[in-house]
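What's in work.txt: compact mmCIF, C-alpha atoms
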```txt
# COMPACT_ATOMS: atom_id res chain seq x y z
CA MET A 3 0.00 0.00 0.00
CA LEU A 4 1.21 3.50 -0.78
CA ALA A 5 2.30 5.61 2.17
CA LYS A 6 0.59 8.95 2.74
CA ARG A 7 3.05 11.78 2.10
CA ILE A 8 4.09 14.75 4.20
CA ILE A 9 5.34 17.59 2.02
CA PRO A 10 7.02 20.78 3.21
CA CYS A 11 6.72 23.74 0.85
CA LEU A 12 9.41 26.38 0.52
CA ASP A 13 8.33 29.71 -0.92
CA VAL A 14 11.32 31.28 -2.61
CA ARG A 15 11.85 34.92 -3.46
CA HIS A 16 15.06 36.25 -5.02
CA GLY A 17 16.86 33.06 -4.02
CA LYS A 18 15.69 33.19 -0.36
CA VAL A 19 13.01 31.30 1.54
CA VAL A 20 9.95 33.26 2.60
CA LYS A 21 6.50 32.47 3.87
CA GLY A 22 3.45 34.61 3.40
CA VAL A 23 0.60 34.54 5.86
CA ASN A 24 -2.65 34.66 3.90
CA PHE A 25 -0.34 35.61 1.03
CA MET A 26 0.73 38.84 2.74
CA GLY A 27 3.27 39.94 5.35
CA VAL A 28 6.33 38.11 4.07
CA LYS A 29 9.22 37.24 6.40
CA ASP A 30 12.65 36.50 5.01
CA VAL A 31 13.99 33.31 6.48
CA GLY A 32 16.85 31.51 4.89
CA ASP A 33 18.78 29.55 2.37
CA PRO A 34 16.46 27.32 0.31
CA VAL A 35 19.07 24.65 -0.40
CA ALA A 36 19.91 24.30 3.31
CA CYS A 37 16.21 24.20 4.23
CA ALA A 38 15.50 21.52 1.63
CA ALA A 39 18.45 19.44 2.85
CA GLU A 40 17.15 19.72 6.41
CA TYR A 41 13.67 18.57 5.35
CA ASN A 42 15.25 15.68 3.47
CA ARG A 43 17.10 14.71 6.65
CA GLN A 44 13.88 14.91 8.67
CA GLY A 45 12.17 12.47 6.31
CA ALA A 46 10.07 14.71 4.05
CA ASP A 47 8.49 12.53 1.35
CA GLU A 48 8.74 15.23 -1.26
CA ILE A 49 9.80 18.87 -1.29
CA VAL A 50 8.03 21.73 -3.04
CA PHE A 51 9.75 24.90 -4.20
CA TYR A 52 7.52 27.76 -5.13
CA ASP A 53 8.87 30.83 -6.93
CA ILE A 54 6.65 33.57 -5.54
CA VAL A 55 8.09 36.36 -7.63
CA ALA A 56 8.19 34.35 -10.84
CA SER A 57 9.57 37.24 -12.83
CA HIS A 58 11.38 36.60 -16.05
CA GLU A 59 14.59 38.20 -14.69
CA GLY A 60 14.53 36.15 -11.49
CA ARG A 61 14.06 32.84 -13.31
CA GLY A 62 17.77 32.07 -13.60
CA THR A 63 18.44 32.53 -9.88
CA PHE A 64 15.45 30.35 -9.03
CA LEU A 65 16.53 27.56 -11.36
CA ASP A 66 20.02 27.73 -9.82
CA VAL A 67 18.37 26.99 -6.46
CA VAL A 68 16.58 24.00 -8.01
CA ARG A 69 19.79 22.77 -9.64
CA GLU A 70 21.78 23.04 -6.41
CA THR A 71 19.04 21.34 -4.38
CA ALA A 72 18.88 18.42 -6.82
CA LYS A 73 22.56 17.78 -6.06
CA GLN A 74 21.93 17.37 -2.35
CA VAL A 75 18.37 16.18 -1.90
CA PHE A 76 17.31 12.70 -2.95
CA VAL A 77 13.55 12.71 -2.65
CA PRO A 78 11.17 13.97 -5.36
CA LEU A 79 11.29 17.70 -5.93
CA THR A 80 8.25 19.63 -7.19
CA VAL A 81 8.73 23.10 -8.58
CA GLY A 82 6.09 25.74 -9.22
CA GLY A 83 5.58 29.44 -9.74
CA GLY A 84 5.61 31.27 -13.04
CA ILE A 85 5.50 28.19 -15.26
CA ALA A 86 3.36 29.25 -18.20
CA THR A 87 4.66 27.39 -21.25
CA VAL A 88 5.88 23.95 -22.28
CA ASN A 89 9.32 25.49 -22.58
CA ASP A 90 9.21 26.68 -18.95
CA MET A 91 8.30 23.12 -18.01
CA ARG A 92 11.21 21.67 -19.94
CA GLU A 93 13.66 24.16 -18.43
CA THR A 94 12.45 23.38 -14.90
CA LEU A 95 12.63 19.61 -15.38
CA ARG A 96 16.12 19.96 -16.83
CA ALA A 97 17.21 21.90 -13.77
CA GLY A 98 16.39 18.81 -11.72
CA ALA A 99 12.70 19.05 -10.82
CA ASP A 100 10.83 15.74 -10.83
CA LYS A 101 7.42 17.38 -11.10
CA ILE A 102 6.17 20.79 -12.14
CA SER A 103 3.27 22.55 -10.57
CA ILE A 104 1.13 24.91 -12.63
CA ASN A 105 -1.67 27.06 -11.26
CA SER A 106 -2.85 30.35 -12.80
CA ALA A 107 -1.43 29.47 -16.22
CA ALA A 108 -3.51 26.28 -16.29
CA VAL A 109 -6.73 28.16 -15.52
CA LYS A 110 -6.00 30.71 -18.22
CA ASN A 111 -4.83 28.07 -20.73
CA PRO A 112 -6.02 24.55 -19.84
CA GLN A 113 -4.35 23.16 -22.97
CA LEU A 114 -1.06 23.57 -21.06
CA ILE A 115 -2.08 20.63 -18.86
CA SER A 116 -2.74 18.40 -21.88
CA ASP A 117 0.48 19.44 -23.61
CA GLY A 118 2.61 18.95 -20.51
CA ALA A 119 1.10 15.53 -19.80
CA GLU A 120 1.62 14.39 -23.35
CA ILE A 121 5.21 15.58 -23.66
CA PHE A 122 6.58 14.87 -20.18
CA GLY A 123 4.09 12.34 -18.80
CA SER A 124 1.18 12.72 -16.39
CA GLN A 125 3.35 11.79 -13.43
CA CYS A 126 5.22 15.09 -13.56
CA ILE A 127 2.26 17.46 -14.02
CA VAL A 128 0.75 18.76 -10.78
CA VAL A 129 -2.06 21.30 -11.02
CA GLY A 130 -2.21 23.64 -8.06
CA ILE A 131 -5.53 25.26 -7.22
CA ASP A 132 -6.39 28.18 -4.94
CA ALA A 133 -10.08 27.96 -4.16
CA LYS A 134 -12.51 29.73 -1.88
CA ARG A 135 -16.10 29.30 -0.71
CA ASP A 136 -18.50 31.29 -2.88
CA GLY A 137 -21.07 31.85 -0.10
CA LYS A 138 -23.68 29.79 -1.98
CA GLY A 139 -22.49 26.36 -0.90
CA GLY A 140 -19.91 25.97 -3.69
CA TYR A 141 -16.29 26.89 -4.35
CA THR A 142 -14.64 29.03 -7.01
CA VAL A 143 -11.12 29.07 -8.38
CA TYR A 144 -8.81 32.04 -7.90
CA VAL A 145 -5.58 32.95 -9.69
CA ASN A 146 -2.56 35.20 -9.15
CA GLY A 147 -1.83 34.02 -5.64
CA GLY A 148 -5.48 33.98 -4.63
CA ARG A 149 -6.19 37.56 -5.64
CA ILE A 150 -8.44 37.20 -8.68
CA ASP A 151 -11.71 35.26 -8.72
CA MET A 152 -12.00 33.48 -12.08
CA HIS A 153 -15.64 32.49 -11.37
CA VAL A 154 -14.74 28.94 -12.34
CA ASP A 155 -16.53 26.20 -10.41
CA LEU A 156 -13.97 24.16 -8.47
CA LEU A 157 -15.57 20.77 -8.99
CA LYS A 158 -15.95 21.27 -12.75
CA TRP A 159 -12.34 22.45 -12.88
CA VAL A 160 -10.91 19.39 -11.10
CA GLU A 161 -12.78 17.09 -13.49
CA GLU A 162 -11.26 18.93 -16.43
CA ILE A 163 -7.80 18.76 -14.87
CA GLU A 164 -8.07 14.99 -14.53
CA GLN A 165 -9.52 14.52 -17.98
CA ARG A 166 -6.64 16.53 -19.50
CA GLY A 167 -4.11 14.15 -17.99
CA ALA A 168 -2.70 15.86 -14.90
CA GLY A 169 -1.04 13.45 -12.49
CA GLU A 170 -1.99 15.18 -9.27
CA ILE A 171 -3.93 18.06 -7.76
CA CYS A 172 -2.60 20.28 -4.98
CA LEU A 173 -5.65 21.90 -3.41
CA ASN A 174 -5.13 25.05 -1.38
CA SER A 175 -8.03 26.56 0.51
CA ILE A 176 -7.82 30.36 0.63
CA ASP A 177 -10.30 30.36 3.53
CA THR A 178 -8.09 28.23 5.78
CA ASP A 179 -4.62 29.15 4.47
CA GLY A 180 -2.55 30.90 7.13
CA VAL A 181 -5.35 30.59 9.70
CA ARG A 182 -3.92 27.40 11.21
CA GLY A 183 -7.27 25.94 12.19
CA GLY A 184 -6.77 22.73 10.22
CA PHE A 185 -7.18 21.77 6.56
CA ASP A 186 -10.44 22.55 4.76
CA LEU A 187 -11.87 19.05 5.10
CA GLU A 188 -15.16 19.76 3.35
CA MET A 189 -13.55 21.20 0.28
CA LEU A 190 -10.95 18.43 0.23
CA GLN A 191 -13.52 15.69 0.39
CA ALA A 192 -15.65 17.37 -2.26
CA VAL A 193 -12.66 17.28 -4.62
CA CYS A 194 -11.45 13.79 -3.61
CA SER A 195 -14.84 12.31 -4.38
CA ARG A 196 -14.86 13.89 -7.86
CA VAL A 197 -11.48 12.65 -9.16
CA ARG A 198 -9.35 9.50 -9.02
CA ILE A 199 -5.97 11.23 -9.27
CA PRO A 200 -4.12 11.95 -6.00
CA VAL A 201 -5.09 15.10 -4.11
CA ILE A 202 -2.64 16.97 -1.88
CA ALA A 203 -4.17 18.91 1.01
CA SER A 204 -2.79 22.42 1.43
CA GLY A 205 -3.55 25.44 3.59
CA GLY A 206 -4.49 25.49 7.23
CA ALA A 207 -2.31 23.01 9.10
CA GLY A 208 -1.80 24.46 12.57
CA LYS A 209 -1.31 21.58 14.96
CA LEU A 210 -0.07 18.01 15.13
CA GLY A 211 -3.42 16.27 14.71
CA ASP A 212 -4.45 18.24 11.61
CA PHE A 213 -2.47 15.99 9.26
CA ALA A 214 -3.91 12.69 10.50
CA GLU A 215 -7.38 14.26 10.49
CA ALA A 216 -7.08 15.13 6.79
CA PHE A 217 -5.98 11.56 5.99
CA LEU A 218 -8.67 9.93 8.12
CA LYS A 219 -11.58 12.14 7.06
CA THR A 220 -10.83 12.74 3.37
CA GLY A 221 -9.27 10.87 0.47
CA ALA A 222 -6.17 13.13 0.44
CA THR A 223 -2.98 11.17 -0.30
CA ALA A 224 -0.57 13.87 0.86
CA ALA A 225 -0.55 16.95 3.05
CA LEU A 226 1.50 20.06 2.52
CA ALA A 227 2.55 22.76 4.96
CA ALA A 228 5.04 25.61 4.97
CA SER A 229 5.44 27.90 7.96
CA LEU A 230 4.54 25.24 10.50
CA PHE A 231 7.60 23.21 9.57
CA HIS A 232 9.64 26.15 8.57
CA PHE A 233 9.67 27.81 11.96
CA GLY A 234 10.23 24.47 13.64
CA GLU A 235 6.93 24.49 15.56
CA LEU A 236 6.40 20.94 14.39
CA THR A 237 8.89 18.58 12.85
CA ILE A 238 8.16 16.07 10.12
CA PRO A 239 9.06 13.08 12.37
CA GLN A 240 6.50 14.32 14.96
CA VAL A 241 3.76 14.54 12.35
CA LYS A 242 4.64 11.12 10.94
CA ALA A 243 4.69 9.51 14.39
CA ASP A 244 1.25 10.94 15.13
CA CYS A 245 -0.15 9.63 11.82
CA ARG A 246 1.47 6.22 12.31
CA SER A 247 -0.03 5.93 15.80
CA LYS A 248 -3.45 6.42 14.19
CA GLY A 249 -2.89 3.59 11.72
CA ILE A 250 -1.97 5.71 8.69
CA PRO A 251 0.77 4.18 6.50
CA MET A 252 3.86 6.41 6.56
CA ARG A 253 7.33 5.96 5.15
CA MET B 17 34.28 3.26 -11.93
CA ILE B 18 30.62 2.77 -12.80
CA ALA B 19 29.55 3.36 -16.39
CA VAL B 20 26.20 5.14 -16.61
CA ILE B 21 24.71 4.49 -20.04
CA ASP B 22 23.83 7.69 -21.87
CA TYR B 23 21.01 7.19 -24.35
CA GLY B 24 18.93 10.25 -23.44
CA ALA B 25 17.09 8.82 -20.41
CA GLY B 26 15.25 11.40 -18.33
CA ASN B 27 16.66 10.35 -14.97
CA LEU B 28 20.31 10.24 -16.05
CA PHE B 29 21.11 13.46 -14.20
CA SER B 30 19.39 12.51 -10.94
CA VAL B 31 21.28 9.21 -10.96
CA CYS B 32 24.55 11.06 -11.53
CA ASN B 33 23.71 13.65 -8.85
CA ALA B 34 23.28 10.80 -6.38
CA LEU B 35 26.53 9.06 -7.41
CA GLN B 36 28.35 12.40 -7.20
CA TYR B 37 26.93 13.08 -3.74
CA LEU B 38 28.11 9.63 -2.61
CA ASN B 39 31.57 10.19 -4.12
CA ILE B 40 31.15 7.11 -6.29
CA PRO B 41 33.41 7.37 -9.36
CA HIS B 42 31.31 7.16 -12.50
CA GLU B 43 31.35 8.04 -16.17
CA VAL B 44 28.36 8.96 -18.30
CA THR B 45 29.02 7.18 -21.55
CA LYS B 46 28.01 6.02 -25.01
CA ASP B 47 31.39 4.34 -25.48
CA THR B 48 31.92 0.54 -25.57
CA ASP B 49 35.49 0.89 -24.23
CA VAL B 50 34.27 2.73 -21.14
CA ILE B 51 31.70 -0.02 -20.49
CA ASN B 52 34.38 -2.68 -20.98
CA ARG B 53 36.72 -1.14 -18.43
CA ALA B 54 34.01 -0.16 -15.90
CA GLU B 55 33.60 -2.25 -12.74
CA ALA B 56 29.82 -2.00 -13.02
CA VAL B 57 27.12 -0.57 -15.26
CA ILE B 58 23.94 1.42 -14.56
CA LEU B 59 21.14 1.59 -17.11
CA PRO B 60 18.79 4.47 -16.21
CA GLY B 61 15.41 4.98 -17.85
CA VAL B 62 12.20 6.98 -17.82
CA GLY B 63 9.53 7.08 -20.52
CA ALA B 64 8.08 4.56 -22.94
CA PHE B 65 9.66 1.15 -23.63
CA PRO B 66 9.91 1.07 -27.46
CA ALA B 67 11.24 4.63 -27.70
CA ALA B 68 13.87 3.85 -25.07
CA MET B 69 14.91 0.60 -26.80
CA ASP B 70 15.21 2.50 -30.08
CA SER B 71 17.43 5.15 -28.47
CA LEU B 72 19.53 2.47 -26.80
CA ARG B 73 19.89 0.58 -30.07
CA ALA B 74 20.96 3.81 -31.77
CA THR B 75 23.93 4.07 -29.39
CA GLY B 76 25.15 0.69 -30.64
CA LEU B 77 25.76 -0.42 -27.04
CA ILE B 78 23.31 -3.30 -26.74
CA GLY B 79 25.94 -5.96 -27.53
CA ALA B 80 28.41 -4.48 -25.03
CA ILE B 81 25.75 -4.25 -22.30
CA ARG B 82 24.71 -7.89 -22.82
CA GLU B 83 28.32 -9.12 -22.80
CA ASN B 84 29.35 -7.12 -19.73
CA ALA B 85 26.24 -8.28 -17.87
CA GLN B 86 27.75 -11.78 -17.81
CA LYS B 87 30.78 -10.66 -15.80
CA LYS B 88 30.09 -7.46 -13.82
CA PRO B 89 27.15 -5.99 -11.91
CA LEU B 90 24.49 -4.25 -13.99
CA LEU B 91 21.71 -2.22 -12.40
CA GLY B 92 18.68 -1.16 -14.43
CA ILE B 93 16.54 1.58 -12.88
CA CYS B 94 12.80 2.07 -13.54
CA LEU B 95 12.35 1.69 -17.30
CA GLY B 96 15.99 0.48 -17.32
CA MET B 97 14.81 -2.39 -15.10
CA GLN B 98 11.93 -3.21 -17.43
CA MET B 99 14.31 -3.27 -20.39
CA LEU B 100 16.23 -6.15 -18.76
CA PHE B 101 13.28 -8.48 -19.52
CA ASP B 102 12.43 -10.31 -22.74
CA ARG B 103 9.71 -8.03 -24.08
CA SER B 104 7.06 -5.41 -23.37
CA ASP B 105 3.71 -4.62 -24.97
CA GLU B 106 3.81 -0.90 -24.17
CA ASN B 107 2.72 0.85 -27.41
CA GLY B 108 3.01 -2.44 -29.34
CA LEU B 109 5.26 -5.47 -28.86
CA CYS B 110 8.93 -4.69 -28.44
CA ASN B 111 11.88 -6.88 -27.45
CA GLY B 112 13.99 -5.98 -24.45
CA LEU B 113 17.54 -7.00 -23.55
CA GLY B 114 16.50 -10.52 -22.54
CA LEU B 115 18.79 -10.62 -19.49
CA ILE B 116 16.06 -11.75 -17.06
CA PRO B 117 13.25 -14.08 -18.20
CA GLY B 118 9.89 -12.32 -18.08
CA GLU B 119 7.62 -9.80 -19.74
CA VAL B 120 6.38 -6.27 -19.11
CA HIS B 121 2.68 -5.38 -19.25
CA ARG B 122 0.44 -2.63 -17.95
CA ILE B 123 -0.41 -2.84 -14.23
CA PRO B 124 -3.61 -4.91 -14.46
CA SER B 125 -5.67 -3.62 -11.50
CA LYS B 126 -8.70 -1.49 -12.29
CA ARG B 127 -9.12 -0.52 -8.65
CA VAL B 128 -5.99 1.58 -8.16
CA ILE B 129 -4.70 4.78 -9.70
CA ILE B 130 -2.29 4.36 -12.61
CA PRO B 131 0.54 5.44 -12.62
CA HIS B 132 1.65 3.75 -9.41
CA MET B 133 3.28 6.84 -7.97
CA GLY B 134 4.61 7.41 -4.49
CA TRP B 135 6.34 5.63 -1.62
CA ASN B 136 5.56 1.96 -1.32
CA GLU B 137 6.96 -0.67 1.03
CA LEU B 138 9.29 -3.40 -0.18
CA VAL B 139 8.29 -6.93 0.78
CA ILE B 140 11.67 -8.64 0.78
CA THR B 141 11.59 -12.30 -0.25
CA GLN B 142 15.32 -12.95 -0.85
CA ASP B 143 18.57 -11.79 0.71
CA SER B 144 20.57 -9.52 -1.51
CA PRO B 145 23.83 -7.62 -1.11
CA LEU B 146 21.93 -4.62 -2.52
CA LEU B 147 19.82 -4.47 0.65
CA ARG B 148 22.70 -4.77 3.12
CA SER B 149 22.63 -2.37 6.15
CA ILE B 150 19.11 -1.20 5.32
CA GLU B 151 16.64 -1.34 8.19
CA LYS B 152 13.02 -2.37 7.66
CA PRO B 153 10.50 -1.05 6.85
CA VAL B 154 11.95 -0.07 3.48
CA TYR B 155 9.83 2.37 1.52
CA THR B 156 11.00 3.38 -1.95
CA TYR B 157 9.74 5.85 -4.53
CA PHE B 158 7.89 4.47 -7.55
CA VAL B 159 6.57 6.12 -10.72
CA HIS B 160 5.38 3.69 -13.40
CA SER B 161 2.34 2.36 -15.29
CA TYR B 162 3.83 -0.91 -16.57
CA GLN B 163 5.27 -3.72 -14.49
CA ALA B 164 7.33 -6.90 -14.88
CA PHE B 165 5.78 -10.37 -14.79
CA CYS B 166 8.36 -13.01 -13.97
CA ASN B 167 9.02 -16.14 -11.93
CA ASP B 168 9.33 -15.56 -8.16
CA ARG B 169 12.89 -16.84 -8.24
CA TYR B 170 13.97 -13.59 -9.95
CA ILE B 171 12.25 -11.37 -7.38
CA ILE B 172 14.27 -10.03 -4.44
CA ALA B 173 11.46 -7.73 -3.28
CA TYR B 174 8.01 -6.78 -4.44
CA SER B 175 5.49 -4.09 -3.53
CA ASP B 176 1.79 -4.54 -3.04
CA TYR B 177 -0.41 -2.31 -5.18
CA ASP B 178 -3.62 -4.31 -5.46
CA GLY B 179 -1.33 -7.05 -6.77
CA LYS B 180 2.30 -7.99 -6.65
CA ILE B 181 4.65 -5.56 -8.37
CA PRO B 182 8.22 -6.85 -8.81
CA ALA B 183 10.29 -4.06 -7.26
CA LEU B 184 13.83 -5.44 -7.11
CA VAL B 185 14.79 -8.27 -9.44
CA THR B 186 17.91 -10.25 -10.38
CA ASP B 187 19.01 -12.96 -12.79
CA GLY B 188 20.67 -14.61 -9.76
CA LYS B 189 24.14 -13.55 -10.93
CA PHE B 190 25.22 -10.09 -12.06
CA VAL B 191 22.02 -8.48 -13.32
CA PHE B 192 19.80 -6.38 -11.01
CA GLY B 193 16.81 -4.17 -11.69
CA ALA B 194 14.94 -1.70 -9.49
CA GLN B 195 11.44 -0.70 -10.59
CA TYR B 196 11.63 2.16 -8.09
CA HIS B 197 14.08 5.06 -8.14
CA PRO B 198 16.88 4.50 -5.60
CA GLU B 199 18.15 7.98 -6.51
CA LYS B 200 14.84 9.45 -5.25
CA SER B 201 14.28 7.12 -2.31
CA GLY B 202 16.00 9.09 0.41
CA GLU B 203 18.79 7.70 2.59
CA LYS B 204 17.78 4.05 2.06
CA GLY B 205 17.88 4.49 -1.71
CA LEU B 206 21.34 6.03 -1.44
CA GLN B 207 22.47 3.08 0.66
CA MET B 208 21.39 0.74 -2.16
CA LEU B 209 23.62 2.68 -4.54
CA ARG B 210 26.51 2.40 -2.05
CA ASN B 211 25.86 -1.34 -1.83
CA PHE B 212 25.91 -1.57 -5.60
CA GLU B 213 29.31 0.08 -5.66
CA GLU B 214 30.53 -2.40 -3.02
CA MET B 215 29.40 -5.28 -5.21
CA ALA B 216 31.42 -3.85 -8.05
CA LYS B 217 34.68 -4.05 -6.11
```
Before anything else, please render the file you have as structure tokens.
Amino acid sequence: MLAKRIIPCLDVRHGKVVKGVNFMGVKDVGDPVACAAEYNRQGADEIVFYDIVASHEGRGTFLDVVRETAKQVFVPLTVGGGIATVNDMRETLRAGADKISINSAAVKNPQLISDGAEIFGSQCIVVGIDAKRDGKGGYTVYVNGGRIDMHVDLLKWVEEIEQRGAGEICLNSIDTDGVRGGFDLEMLQAVCSRVRIPVIASGGAGKLGDFAEAFLKTGATAALAASLFHFGELTIPQVKADCRSKGIPMR
Amino acid sequence: MIAVIDYGAGNLFSVCNALQYLNIPHEVTKDTDVINRAEAVILPGVGAFPAAMDSLRATGLIGAIRENAQKKPLLGICLGMQMLFDRSDENGLCNGLGLIPGEVHRIPSKRVIIPHMGWNELVITQDSPLLRSIEKPVYTYFVHSYQAFCNDRYIIAYSDYDGKIPALVTDGKFVFGAQYHPEKSGEKGLQMLRNFEEMAK
């Protein structure tokens, strides 16, 4: 049986690690390569790098970070932020990423999912989603770091993502992100019951039990967190021990 | 020195990054002479079977790989492992290297997600020098849609994914194949690569 995965996410800006709270109020923290190596040592099942600036000029510096990390970290590496074309995907994979995560670009141009899956294989295409409750019992998809409502229905969008050949969905809830009250279980389960591809829970982890809760109450196959691990409030071994004690398969 | 076969495989650089990190001398090569003087050979691989066999054939190295596999350790990784078998039916029938008896077909279960992607546990059924100094449980990282079908005697370890997936295989002599990616399987995966180097000495 596959183990459930615990994934730390490193937001990178100008070659440094940062973490936004509700996407605002950024604190500069440290060297991304060193952080990734530390997570690898702690037993992270995968590491995500997210280029939050994603400017054309900053691309080289960011890919240098990816390249350097791939020399020291031997678990799968997922890279996102500013990937808008097949060429961006190729460049990122060549730098040493195992998977690429696309978000806004996929909403604006869904064909990018199909093209990426066909050229590089479904297994390396992750579609990230920022979604929010619409106040009418549903959820809509946002782009540009959760700032712009695209008025796209979340559940229709995840079906399209799967049908176009994406290998995975990383679902971030804008309502719970940065609040630390736990993952958005309702939204997660709504998505998990619509698609067969793996769904990664993101946004809201605040305490030890939140991870196991997401695995026990929804079909999520992985859970992602940033600041919680980054500031050392919880370590990956602690989270894994808690999940294991509740009967969840962990590496 | 370990010869890493260069025929355009997608995971060539991750394999080399891992060998580099472990300070294991290696050469990325398309050259028969390098393979002949290497102590061991690694055949990486990601992608589709027939395309990979075509690229490998284009390097002209198939004869040298087969010959060297009779006298020094050879490790196939992921698609490189599948290529060690007799044939595959991925995108039409295609012959492999024929170094381990068996065939490659799509993972048959309809109940699980294909590709089989993520960390799965190895169920170890045979001792192997490749697994020396590695504590159980051993989880390794898999990404594949096709799997080997072979006699149990060639299986060192398998993984359960609504069925038995050969994970680490051998011809019983010099040939080894890992369906998973040791170069992406954390510290335990790295230890397998160290063990492989030890076998080469």
Could you state the separation of CA of Cys94 (chain B) and CA of Ala34 (chain B) in Å, given to one decimal place?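 Interatomic distance, CA of Cys94 (chain B) to CA of Ala34 (chain B): 15.4 Å.
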Would you list the residues near (-1.8, 24.7, -10.3) (no more than 8 Å away, in the coordinates of the file, using only C-alpha atoms) as a list in words? Ser103, Ile104, Asn105, Ser106, Ala107, Ala108, Val109, Val128, Val129, Gly130, Ile131, Asp132, Ile171 and Cys172 of chain A
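Any residue of chain B with an atom within 6 Å of chain A counts; using all atoms listed in the file, that gives Asn33, Trp135, Asn136, Tyr155, Asp176, Tyr177, Glu199, Lys200, Ser201 and Gly202 of chain B.
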To one decimal in Å, tell me the separation between CA of Phe65 (chain B) and CA of Gln207 (chain B).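 Answer for the CA of Phe65 (chain B) to CA of Gln207 (chain B) separation: 27.5 Å.
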Can you work out the spacing between CA of Phe101 (chain B) and CA of Ala168 (chain A) in Å, to one decimal?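 Computing it gives 29.5 Å between the two atoms.
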Between B:Val20, B:Ile93, B:Met99, B:Leu28, which is the closest to Tyr157 (chain B) once you count all atoms listed in the file?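 Among B:Val20, B:Ile93, B:Met99, B:Leu28, it is B:Ile93 that comes nearest to Tyr157 (chain B).
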Taking 4 positions as the minimum chain separation for residues in the same chain, which residues sit within 10 Å of region 111-125 of chain B when counting only C-alpha atoms? Answer as a VMD selection string. chain B and resid 65 to 66 68 to 69 78 to 79 81 to 82 85 to 86 96 to 106 129 to 132 160 to 167 170 177 to 181 185 to 188 190 to 193
Identify, on the basis of all atoms listed in the file, every residue whose closest approach to Lys217 (chain B) does not exceed 9 Å; exclude the query and any residue fewer than 3 positions from it along the same chain; express the result as a short mmCIF file (atom, residue, chain, number, x, y, z; two decimals) with C-alpha atoms, in the coordinates of the input.
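Saved as selection.cif:
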```cif
data_model
loop_
_atom_site.label_atom_id
_atom_site.label_comp_id
_atom_site.auth_asym_id
_atom_site.auth_seq_id
_atom_site.Cartn_x
_atom_site.Cartn_y
_atom_site.Cartn_z
CA GLU B 55 33.60 -2.25 -12.74
CA ALA B 56 29.82 -2.00 -13.02
CA GLU B 213 29.31 0.08 -5.66
CA GLU B 214 30.53 -2.40 -3.02
#
```
Can you rebuild region 127-139 of chain A with N, CA and C atoms and give it as an mmCIF file, in the frame of the given file?
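See out_17.cif below for the written result:
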```cif
data_model
loop_
_atom_site.group_PDB
_atom_site.id
_atom_site.type_symbol
_atom_site.label_atom_id
_atom_site.label_comp_id
_atom_site.auth_asym_id
_atom_site.auth_seq_id
_atom_site.Cartn_x
_atom_site.Cartn_y
_atom_site.Cartn_z
ATOM 1 N N ILE A 127 3.090 16.255 -13.955
ATOM 2 C CA ILE A 127 2.260 17.460 -14.020
ATOM 3 C C ILE A 127 1.324 17.541 -12.806
ATOM 4 N N VAL A 128 1.597 18.503 -11.939
ATOM 5 C CA VAL A 128 0.750 18.760 -10.780
ATOM 6 C C VAL A 128 -0.013 20.061 -11.070
ATOM 7 N N VAL A 129 -1.329 20.045 -10.873
ATOM 8 C CA VAL A 129 -2.060 21.300 -11.020
ATOM 9 C C VAL A 129 -2.418 21.814 -9.623
ATOM 10 N N GLY A 130 -1.900 22.987 -9.322
ATOM 11 C CA GLY A 130 -2.210 23.640 -8.060
ATOM 12 C C GLY A 130 -3.476 24.454 -8.203
ATOM 13 N N ILE A 131 -4.290 24.481 -7.166
ATOM 14 C CA ILE A 131 -5.530 25.260 -7.220
ATOM 15 C C ILE A 131 -5.657 26.085 -5.935
ATOM 16 N N ASP A 132 -5.989 27.368 -6.084
ATOM 17 C CA ASP A 132 -6.390 28.180 -4.940
ATOM 18 C C ASP A 132 -7.888 28.357 -5.054
ATOM 19 N N ALA A 133 -8.626 27.862 -4.067
ATOM 20 C CA ALA A 133 -10.080 27.960 -4.160
ATOM 21 C C ALA A 133 -10.669 28.513 -2.873
ATOM 22 N N LYS A 134 -11.878 29.030 -2.998
ATOM 23 C CA LYS A 134 -12.510 29.730 -1.880
ATOM 24 C C LYS A 134 -14.023 29.464 -1.932
ATOM 25 N N ARG A 135 -14.639 29.461 -0.767
ATOM 26 C CA ARG A 135 -16.100 29.300 -0.710
ATOM 27 C C ARG A 135 -16.775 30.482 -1.391
ATOM 28 N N ASP A 136 -17.848 30.190 -2.160
ATOM 29 C CA ASP A 136 -18.500 31.290 -2.880
ATOM 30 C C ASP A 136 -19.701 31.849 -2.116
ATOM 31 N N GLY A 137 -19.961 31.327 -0.902
ATOM 32 C CA GLY A 137 -21.070 31.850 -0.100
ATOM 33 C C GLY A 137 -22.411 31.237 -0.483
ATOM 34 N N LYS A 138 -22.419 30.409 -1.539
ATOM 35 C CA LYS A 138 -23.680 29.790 -1.980
ATOM 36 C C LYS A 138 -23.566 28.258 -1.908
ATOM 37 N N GLY A 139 -22.632 27.808 -1.065
ATOM 38 C CA GLY A 139 -22.490 26.360 -0.900
ATOM 39 C C GLY A 139 -21.502 25.714 -1.854
#
```
